[in-house]
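*Asks:* Structure file data-v7.cif (mmCIF, C-alpha atoms) right here:
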data_run
#
loop_
_atom_site.label_atom_id
_atom_site.label_comp_id
_atom_site.auth_asym_id
_atom_site.auth_seq_id
_atom_site.Cartn_x
_atom_site.Cartn_y
_atom_site.Cartn_z
CA MET A 133 -18.09 -7.42 32.38
CA SER A 134 -14.82 -9.20 31.60
CA ARG A 135 -12.16 -7.31 29.69
CA VAL A 136 -11.70 -8.29 26.04
CA PRO A 137 -8.21 -9.69 25.29
CA VAL A 138 -6.18 -7.88 22.62
CA THR A 139 -3.51 -9.51 20.45
CA VAL A 140 -1.17 -7.15 18.59
CA ILE A 141 0.49 -8.48 15.43
CA SER A 142 3.64 -6.63 14.38
CA GLY A 143 6.31 -7.34 11.79
CA TYR A 144 8.18 -5.64 8.99
CA LEU A 145 6.70 -5.02 5.55
CA GLY A 146 5.76 -8.28 3.84
CA SER A 147 6.61 -10.56 6.75
CA GLY A 148 3.24 -12.36 6.59
CA LYS A 149 1.01 -10.48 9.03
CA THR A 150 -2.07 -10.40 6.81
CA THR A 151 -1.54 -14.05 5.87
CA LEU A 152 -1.48 -14.83 9.60
CA LEU A 153 -4.73 -12.90 10.09
CA LEU A 154 -6.44 -14.81 7.29
CA HIS A 155 -5.19 -18.09 8.76
CA LEU A 156 -6.57 -17.17 12.19
CA LEU A 157 -9.93 -16.28 10.63
CA LEU A 158 -9.95 -19.68 8.93
CA CYS A 159 -9.22 -21.56 12.16
CA LYS A 160 -11.13 -19.42 14.68
CA GLU A 161 -14.09 -21.83 14.96
CA GLN A 162 -16.86 -20.05 16.93
CA LEU A 163 -14.79 -17.07 18.07
CA ARG A 164 -16.11 -13.63 17.18
CA ILE A 165 -13.08 -11.59 16.21
CA GLY A 166 -12.73 -7.82 16.04
CA LEU A 167 -9.99 -6.74 13.62
CA ILE A 168 -8.17 -3.41 13.57
CA VAL A 169 -6.01 -3.11 10.46
CA ASN A 170 -3.48 -0.31 9.99
CA ASP A 171 -1.54 0.05 6.74
CA LEU A 172 1.19 2.40 5.60
CA ALA A 173 -0.21 3.10 2.18
CA GLU A 174 -3.02 5.28 0.87
CA VAL A 175 -4.90 2.16 -0.24
CA ASN A 176 -5.35 -0.36 2.56
CA VAL A 177 -4.83 -3.49 0.47
CA ASP A 178 -4.64 -5.67 3.58
CA ALA A 179 -8.08 -4.57 4.77
CA LYS A 180 -9.57 -5.19 1.34
CA THR A 181 -8.06 -8.68 1.29
CA ILE A 182 -9.44 -9.51 4.72
CA GLU A 183 -12.93 -8.14 4.09
CA LYS A 184 -13.25 -10.09 0.84
CA SER A 185 -11.99 -13.31 2.44
CA GLU A 186 -14.51 -16.14 2.71
CA PHE A 187 -13.30 -16.63 6.30
CA PHE A 188 -14.41 -13.14 7.39
CA THR A 189 -17.96 -13.81 8.58
CA GLU A 190 -20.92 -11.70 9.61
CA LYS A 191 -19.94 -12.37 13.25
CA ASP A 192 -16.60 -10.62 12.81
CA ARG A 193 -15.94 -6.88 12.89
CA LEU A 194 -13.35 -4.82 10.99
CA VAL A 195 -12.02 -1.32 11.72
CA VAL A 196 -9.62 0.17 9.16
CA MET A 197 -6.96 2.82 9.77
CA SER A 198 -4.42 4.20 7.27
CA SER A 199 -1.32 6.23 8.05
CA GLY A 200 1.35 3.71 8.89
CA SER A 201 2.51 4.72 12.34
CA ILE A 202 0.37 4.27 15.43
CA SER A 203 1.00 7.84 16.57
CA SER A 204 -0.43 11.34 17.00
CA ASP A 205 -4.02 11.39 15.73
CA LEU A 206 -3.79 7.71 14.93
CA LYS A 207 -3.24 6.91 18.61
CA THR A 208 -6.61 8.49 19.31
CA GLU A 209 -8.11 6.53 16.43
CA LEU A 210 -6.67 3.28 17.81
CA ILE A 211 -8.05 3.99 21.29
CA GLU A 212 -11.52 4.69 19.92
CA ALA A 213 -11.38 1.59 17.68
CA VAL A 214 -10.39 -0.73 20.54
CA TYR A 215 -13.02 0.79 22.82
CA TYR A 216 -15.72 0.56 20.15
CA LEU A 217 -15.06 -3.15 19.62
CA ALA A 218 -14.46 -4.07 23.27
CA ALA A 219 -17.49 -2.22 24.63
CA SER A 220 -19.84 -3.48 21.92
CA GLY A 221 -20.19 -6.92 23.46
CA GLU A 222 -20.09 -8.33 19.93
CA VAL A 223 -16.53 -9.73 19.89
CA ASP A 224 -14.70 -12.30 21.99
CA LEU A 225 -11.26 -10.91 21.27
CA ILE A 226 -9.52 -8.17 19.29
CA ILE A 227 -6.59 -8.42 16.90
CA VAL A 228 -4.61 -5.31 15.93
CA GLU A 229 -2.54 -5.69 12.77
CA ALA A 230 0.08 -2.94 12.85
CA SER A 231 1.69 -1.46 9.77
CA GLY A 232 5.09 -2.82 8.82
CA VAL A 233 6.91 0.20 10.22
CA ALA A 234 5.10 0.51 13.56
CA LEU A 235 6.85 -0.11 16.85
CA PRO A 236 4.88 -2.55 19.04
CA GLN A 237 5.91 -0.61 22.17
CA LEU A 238 3.85 2.35 21.00
CA ILE A 239 0.79 0.19 20.40
CA ALA A 240 1.18 -1.51 23.78
CA ASN A 241 1.50 1.85 25.50
CA THR A 242 -1.67 3.06 23.79
CA ILE A 243 -3.69 -0.01 24.77
CA ILE A 244 -2.42 -0.03 28.37
CA ASN A 245 -2.71 3.69 29.08
CA GLY A 246 -5.21 4.94 26.49
CA VAL A 247 -8.22 7.04 27.48
CA THR A 248 -11.20 7.65 25.19
CA HIS A 249 -12.44 11.11 24.26
CA ASP A 250 -15.13 10.62 26.93
CA GLY A 251 -12.48 10.01 29.59
CA VAL A 252 -12.95 6.23 29.85
CA PRO A 253 -9.69 4.31 30.48
CA LEU A 254 -9.24 1.70 27.77
CA ASN A 255 -8.08 -0.90 30.28
CA THR A 256 -11.56 -0.97 31.84
CA VAL A 257 -12.95 -2.79 28.79
CA SER A 258 -9.86 -4.42 27.25
CA ARG A 259 -6.53 -5.93 28.24
CA LEU A 260 -3.35 -6.41 26.27
CA ASP A 261 -3.03 -10.19 26.05
CA THR A 262 -0.32 -11.08 23.50
CA ASN A 263 2.26 -9.25 21.41
CA VAL A 264 3.06 -11.27 18.28
CA THR A 265 5.95 -10.40 15.95
CA VAL A 266 6.14 -12.05 12.53
CA VAL A 267 9.65 -12.33 11.10
CA ASP A 268 10.37 -13.05 7.43
CA GLY A 269 13.32 -15.43 7.63
CA TYR A 270 14.06 -15.14 3.92
CA ARG A 271 14.25 -11.35 4.09
CA ILE A 272 16.44 -11.04 7.15
CA LEU A 273 18.87 -13.57 5.71
CA GLY A 274 19.72 -10.96 3.08
CA GLN A 275 19.34 -7.93 5.31
CA PHE A 276 21.43 -9.06 8.24
CA THR A 277 24.17 -10.89 6.35
CA SER A 278 26.10 -9.98 3.21
CA GLU A 279 27.70 -12.35 0.70
CA ASP A 280 30.72 -12.89 2.93
CA GLY A 281 28.48 -13.79 5.86
CA MET A 282 29.19 -10.60 7.77
CA TYR A 283 26.68 -8.03 9.03
CA ASN A 284 25.10 -6.16 6.13
CA ASP A 285 25.13 -2.43 6.85
CA GLU A 286 23.04 -1.48 3.79
CA TYR A 287 19.81 -1.82 5.79
CA VAL A 288 20.73 -0.14 9.08
CA ASP A 289 17.41 1.70 9.59
CA SER A 290 15.07 -1.16 8.74
CA ASN A 291 17.29 -3.63 10.60
CA GLN A 292 16.95 -1.56 13.75
CA LEU A 293 13.18 -1.50 13.36
CA ILE A 294 13.06 -5.28 12.86
CA ILE A 295 15.23 -5.76 15.97
CA ASN A 296 12.87 -3.51 17.98
CA GLN A 297 9.90 -5.57 16.81
CA ILE A 298 11.66 -8.81 17.76
CA GLU A 299 12.69 -7.51 21.18
CA PHE A 300 9.16 -6.51 22.18
CA CYS A 301 7.02 -9.62 21.76
CA ASP A 302 5.54 -12.52 23.68
CA VAL A 303 5.28 -14.78 20.61
CA LEU A 304 7.77 -14.73 17.74
CA VAL A 305 6.53 -16.30 14.49
CA PHE A 306 9.63 -17.19 12.46
CA ASN A 307 8.02 -17.32 9.03
CA LYS A 308 8.95 -18.51 5.50
CA ILE A 309 11.40 -21.13 6.73
CA ASP A 310 10.58 -23.20 3.64
CA LEU A 311 12.74 -20.74 1.67
CA LEU A 312 15.81 -21.37 3.85
CA THR A 313 18.38 -24.14 3.79
CA PRO A 314 18.85 -26.07 7.07
CA ASN A 315 22.11 -24.21 7.74
CA GLU A 316 20.52 -20.83 7.03
CA LYS A 317 17.59 -21.65 9.31
CA ASP A 318 19.85 -22.77 12.15
CA TYR A 319 21.99 -19.63 11.84
CA LEU A 320 19.02 -17.26 11.79
CA THR A 321 17.24 -19.08 14.61
CA SER A 322 20.33 -18.64 16.76
CA PHE A 323 20.60 -14.99 15.72
CA VAL A 324 16.95 -14.19 16.49
CA ARG A 325 17.04 -16.14 19.75
CA LYS A 326 19.95 -14.02 20.96
CA ILE A 327 17.85 -10.91 20.38
CA GLN A 328 14.71 -12.44 21.93
CA PRO A 329 15.42 -15.33 24.33
CA LYS A 330 12.15 -15.15 26.30
CA ALA A 331 9.32 -15.22 23.78
CA SER A 332 7.43 -18.30 22.67
CA PHE A 333 9.10 -19.29 19.37
CA ILE A 334 7.16 -20.72 16.41
CA GLU A 335 8.86 -21.87 13.19
CA THR A 336 6.48 -21.97 10.25
CA SER A 337 5.74 -21.25 6.61
CA PHE A 338 2.76 -19.35 5.18
CA SER A 339 2.10 -18.00 8.73
CA ARG A 340 0.42 -21.24 9.81
CA VAL A 341 0.15 -21.40 13.59
CA LEU A 342 -2.23 -22.82 16.16
CA VAL A 343 -4.87 -20.32 17.27
CA LYS A 344 -4.19 -21.09 20.92
CA ASP A 345 -0.55 -20.10 20.49
CA VAL A 346 -1.30 -16.48 19.54
CA LEU A 347 -4.82 -15.64 20.75
CA ASN A 348 -5.94 -15.36 24.37
CA THR A 349 -2.61 -16.77 25.57
CA GLY A 350 -2.24 -14.62 28.68
CA LEU A 351 1.47 -14.36 27.86
CA PHE A 352 1.76 -10.59 28.20
CA ASP A 353 3.24 -9.77 31.60
CA GLU A 354 1.58 -6.47 32.37
CA MET A 355 4.11 -5.31 34.96
CA ALA A 356 7.14 -6.28 32.86
CA GLY A 357 5.46 -4.95 29.74
CA ILE A 358 4.67 -1.61 31.33
CA GLN A 359 8.31 -1.31 32.36
CA ASP A 360 9.40 -2.01 28.78
CA VAL A 361 7.03 0.70 27.59
CA LEU A 362 8.34 3.16 30.18
CA ASP A 363 11.90 2.35 29.17
CA THR A 364 11.13 3.50 25.63
CA GLU A 365 9.11 6.64 26.40
CA ASP A 366 12.06 8.96 25.79
CA LEU A 367 12.62 7.28 22.44
CA ASN A 368 8.95 7.51 21.56
CA GLU A 369 9.03 11.30 21.67
CA PHE A 370 11.34 11.23 18.68
CA ILE A 371 9.50 8.65 16.63
CA GLU A 372 5.94 9.97 16.49
CA ASN A 373 5.96 9.02 12.85
CA GLU A 374 8.12 5.98 12.33
CA ALA A 375 7.69 5.97 8.57
CA ASP A 376 9.03 9.52 8.25
CA GLN A 377 11.92 8.83 10.59
CA LEU A 378 13.00 5.85 8.50
CA GLY A 379 12.66 7.72 5.23
CA ILE A 380 10.05 5.23 4.08
CA GLN A 381 7.71 6.44 1.34
CA SER A 382 4.63 4.98 -0.26
CA PHE A 383 2.60 5.71 -3.34
CA VAL A 384 -0.18 4.06 -5.33
CA TYR A 385 0.05 3.37 -9.06
CA ARG A 386 -3.45 3.34 -10.59
CA ARG A 387 -4.36 2.78 -14.19
CA ARG A 388 -7.34 1.37 -16.07
CA GLU A 389 -5.46 0.16 -19.14
CA PRO A 390 -3.96 -3.37 -19.04
CA PHE A 391 -0.31 -4.35 -18.92
CA HIS A 392 1.48 -5.82 -21.92
CA PRO A 393 2.71 -9.16 -20.48
CA VAL A 394 6.09 -9.22 -22.22
CA ARG A 395 7.04 -5.64 -21.36
CA LEU A 396 5.87 -6.11 -17.77
CA ASP A 397 7.91 -9.29 -17.44
CA GLN A 398 10.99 -7.49 -18.74
CA TRP A 399 10.50 -4.66 -16.27
CA LEU A 400 10.11 -7.09 -13.37
CA ASP A 401 13.58 -8.39 -14.20
CA ARG A 402 14.86 -4.86 -13.55
CA TRP A 403 12.94 -4.48 -10.30
CA PRO A 404 14.16 -1.38 -8.39
CA ARG A 405 15.93 -2.51 -5.23
CA GLU A 406 14.65 0.57 -3.37
CA VAL A 407 11.15 -0.97 -3.37
CA THR A 408 10.77 -2.89 -0.11
CA ARG A 409 7.18 -3.94 -0.59
CA CYS A 410 4.67 -3.99 -3.43
CA LYS A 411 1.15 -5.36 -3.28
CA GLY A 412 -2.05 -4.99 -5.20
CA VAL A 413 -3.98 -6.19 -8.25
CA MET A 414 -3.48 -5.90 -11.99
CA TRP A 415 -4.71 -7.26 -15.31
CA LEU A 416 -3.10 -8.35 -18.55
CA ILE A 417 -4.48 -7.77 -22.04
CA THR A 418 -3.88 -11.44 -22.86
CA GLN A 419 -5.87 -12.72 -19.85
CA ALA A 420 -8.55 -10.07 -19.54
CA GLU A 421 -10.86 -12.20 -17.40
CA THR A 422 -8.30 -12.84 -14.64
CA VAL A 423 -7.50 -10.76 -11.56
CA PHE A 424 -3.78 -11.07 -10.88
CA LYS A 425 -2.58 -10.42 -7.36
CA ILE A 426 1.00 -9.23 -6.93
CA SER A 427 2.86 -9.48 -3.62
CA GLN A 428 6.53 -8.59 -3.39
CA SER A 429 8.62 -8.49 -0.24
CA GLY A 430 12.35 -7.99 -0.52
CA ARG A 431 13.75 -10.67 -2.80
CA ALA A 432 10.53 -12.69 -2.95
CA MET A 433 7.72 -12.02 -5.42
CA ASP A 434 4.44 -13.79 -6.18
CA ILE A 435 2.12 -13.01 -9.09
CA ILE A 436 -0.87 -15.31 -8.91
CA PRO A 437 -4.43 -15.52 -10.30
CA ALA A 438 -6.87 -14.37 -7.63
CA GLY A 439 -10.29 -14.70 -9.23
CA TYR A 440 -12.03 -13.03 -12.12
CA TRP A 441 -13.12 -9.53 -13.06
CA ILE A 442 -16.87 -8.94 -12.90
CA ALA A 443 -16.62 -7.33 -16.34
CA SER A 444 -15.76 -10.76 -17.76
CA LEU A 445 -19.21 -12.14 -16.82
CA ASN A 446 -22.29 -12.07 -19.03
CA SER A 447 -24.65 -9.09 -18.94
CA ASP A 448 -27.27 -10.81 -16.75
CA GLU A 449 -24.70 -11.75 -14.11
CA ILE A 450 -23.26 -8.23 -14.16
CA ARG A 451 -26.74 -6.75 -13.72
CA GLN A 452 -27.40 -9.00 -10.71
CA LEU A 453 -24.11 -8.02 -9.09
CA PHE A 454 -24.83 -4.33 -9.65
CA ALA A 455 -28.06 -4.80 -7.72
CA ALA A 456 -26.33 -6.71 -4.92
CA ARG A 457 -23.17 -4.63 -4.46
CA GLU A 458 -23.60 -0.98 -3.59
CA GLY A 459 -20.03 0.11 -4.30
CA LEU A 460 -19.70 -1.50 -7.71
CA LYS A 461 -21.14 1.46 -9.60
CA GLU A 462 -18.52 3.82 -8.16
CA ILE A 463 -15.56 1.81 -9.47
CA TRP A 464 -17.11 0.81 -12.81
CA ASP A 465 -15.49 2.20 -15.94
CA ALA A 466 -17.49 2.51 -19.16
CA ARG A 467 -14.75 0.85 -21.18
CA PHE A 468 -13.00 -1.53 -18.79
CA GLY A 469 -15.68 -2.30 -16.20
CA ASP A 470 -14.08 -3.15 -12.85
CA ARG A 471 -10.75 -4.04 -14.42
CA MET A 472 -7.92 -1.95 -13.03
CA ILE A 473 -4.31 -1.83 -11.98
CA GLU A 474 -3.83 -0.73 -8.39
CA LEU A 475 -0.36 -1.30 -6.96
CA VAL A 476 0.95 0.02 -3.64
CA PHE A 477 4.71 0.67 -3.55
CA ILE A 478 6.55 1.03 -0.24
CA GLY A 479 10.26 1.66 0.05
CA LYS A 480 13.12 3.97 0.87
CA ASP A 481 14.52 6.57 -1.54
CA MET A 482 12.29 5.30 -4.36
CA ASP A 483 12.35 7.17 -7.66
CA LYS A 484 8.57 7.45 -7.87
CA GLU A 485 8.47 9.27 -11.20
CA GLN A 486 10.81 6.75 -12.84
CA ILE A 487 8.76 3.80 -11.58
CA ILE A 488 5.56 5.39 -12.87
CA GLN A 489 7.20 6.14 -16.21
CA ASP A 490 8.48 2.57 -16.50
CA LEU A 491 5.09 1.08 -15.63
CA ASP A 492 3.29 3.38 -18.05
CA ALA A 493 5.62 2.06 -20.75
CA CYS A 494 4.35 -1.45 -19.90
CA LEU A 495 0.73 -0.51 -20.64
CA VAL A 496 -0.89 -1.63 -23.87
CA GLN A 497 -1.16 1.25 -26.32
CA GLU A 498 -4.26 2.16 -28.31
CA ASP A 499 -4.78 -0.26 -31.25
CA GLU A 500 -1.68 -2.27 -30.27
CA VAL A 501 -1.82 -5.93 -31.31
CA VAL A 502 -0.57 -8.39 -28.69
CA ASN A 503 0.20 -12.05 -29.35
CA SER A 504 -1.18 -14.09 -26.45
CA SER A 505 1.17 -16.98 -27.22
CA GLU A 506 4.07 -14.81 -26.00
CA ASP A 507 2.49 -14.24 -22.57
CA PRO A 508 5.04 -15.41 -19.91
CA PHE A 509 2.27 -15.33 -17.27
CA LYS A 510 0.08 -17.81 -19.15
CA LEU A 511 -0.97 -20.72 -16.98
CA PRO A 512 -0.49 -24.24 -18.35
CA GLY A 513 -3.53 -26.11 -19.58
#
Before we go any further, please render this structure as structure tokens.

*Replies:*
Amino acid sequence: MSRVPVTVISGYLGSGKTTLLLHLLLCKEQLRIGLIVNDLAEVNVDAKTIEKSEFFTEKDRLVVMSSGSISSDLKTELIEAVYYLAASGEVDLIIVEASGVALPQLIANTIINGVTHDGVPLNTVSRLDTNVTVVDGYRILGQFTSEDGMYNDEYVDSNQLIINQIEFCDVLVFNKIDLLTPNEKDYLTSFVRKIQPKASFIETSFSRVLVKDVLNTGLFDEMAGIQDVLDTEDLNEFIENEADQLGIQSFVYRRREPFHPVRLDQWLDRWPREVTRCKGVMWLITQAETVFKISQSGRAMDIIPAGYWIASLNSDEIRQLFAAREGLKEIWDARFGDRMIELVFIGKDMDKEQIIQDLDACLVQEDEVVNSSEDPFKLPG
């Protein structure tokens, strides 16, 4: 039995890892892919996005982990997940999407040296094939340089993590270059290349790459890679939980009531800089049928329509979906149906209570009248 190749996708919060996964699912052709998704937050938004994607087929397999760092108990969970997929005979390759604060060295060490609870070495059924690091060019422009063009020391901890992720990779996906000027791109390319001169280098936007450039490449040099892992073992003892070491927190804001569009828009203009990453879904009282997806990473933010709420359908359609979807009843609210606000916040030194208080102030109050013509999120047409 041939060993199943494993590609590990690393990259800081919001760099485009999940977008890359979705792109690979779209372009995979006949490949059967096993996915292992690990997220920092309590709600694994990335896993939900992947599982609901039209490109995730019945031939693919998904294993979800939540905790952020690939460490301690999660190392055991990763070993068992890789073994489960590799030994099943149901997948052609495995992709591990690490959380934004995970060190790829730790994941590589686990895959190379891991042993299952039954004493089976992981490398008998799988092999580490490619380490991919996704870099958000737009983010690191602000993090690594200040207004005078010098090194920006406001992000020392996260910068060091990003550098570690860049240093340990076989393929470096330099993402979001459409947001950079030619001079900015040239400067950052030179900067990143000095940190990582050996890896295959891909410049792109929206994480669009060729499947052959990141999957089953054979680029991981096992002997050199093992040495890199050994070189970091002393460090690894002190970073069993990377998120805690970096002071990175996460929390989930959940509400059933809708946002008032004007108040929300005003709050977004005062976005707390301590929030590194925000992702999730929300709804507005003025567009009650629409699911809005929010994705913020550093200075960049997208709020886009992402489908419709089931509660906006007619009663017959809702009844049919209740019969077809087992989990729908559990999330259904008597007043709002499946409509909800669920936002994951990730950052350093966040004032959680203040953010919650501010967002609660953006909710529509009982019997409040809202003029839809004032909605800044209204789509034209």

*Asks:* Within 10 Å of Tyr440 of chain A, counting only C-alpha atoms, which residues qualify if same-chain residues fewer than 4 places away don't, as a list in words?

*Replies:*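 Once the nearby chain positions are removed, what remains is Trp415, Gln419, Ala420, Glu421, Thr422, Val423, Phe424, Ser444, Leu445 and Arg471 of chain A.
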
*Asks:* Excluding Pro393 of chain A and residues on its chain fewer than 6 positions from it, collect all residues at most 7 Å away from it, counting only C-alpha atoms, and give them as a PyMOL selection string.

*Replies:* chain A and resi 416+507-509

*Asks:* Which is closest to His155 of chain A among A:Ile294, A:Val223, A:Leu342, A:Ile243, if we use only C-alpha atoms?

*Replies:*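 Distance minimum relative to His155 of chain A lands on A:Leu342.
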
*Asks:* Residues at most 8 Å from segment 314-329 of chain A, counting all atoms listed in the file, excluding those fewer than 6 positions away in the same chain, as a VMD selection string?

*Replies:* chain A and resid 269 273 295 298 to 299

*Asks:* Starting from the displayed file, determine the output of the PyMOL selection byres ((chain A and resi 270) around 7) and express the residue list as a list in words.

*Replies:* Asp268, Gly269, Arg271, Ile272, Leu273, Lys308, Leu311 and Leu312 of chain A

*Asks:* What gap, in Å, lies between atom CA of Thr151 of chain A and atom CA of Glu209 of chain A?

*Replies:*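 Between atom CA of Thr151 of chain A and atom CA of Glu209 of chain A the gap is 24.0 Å.
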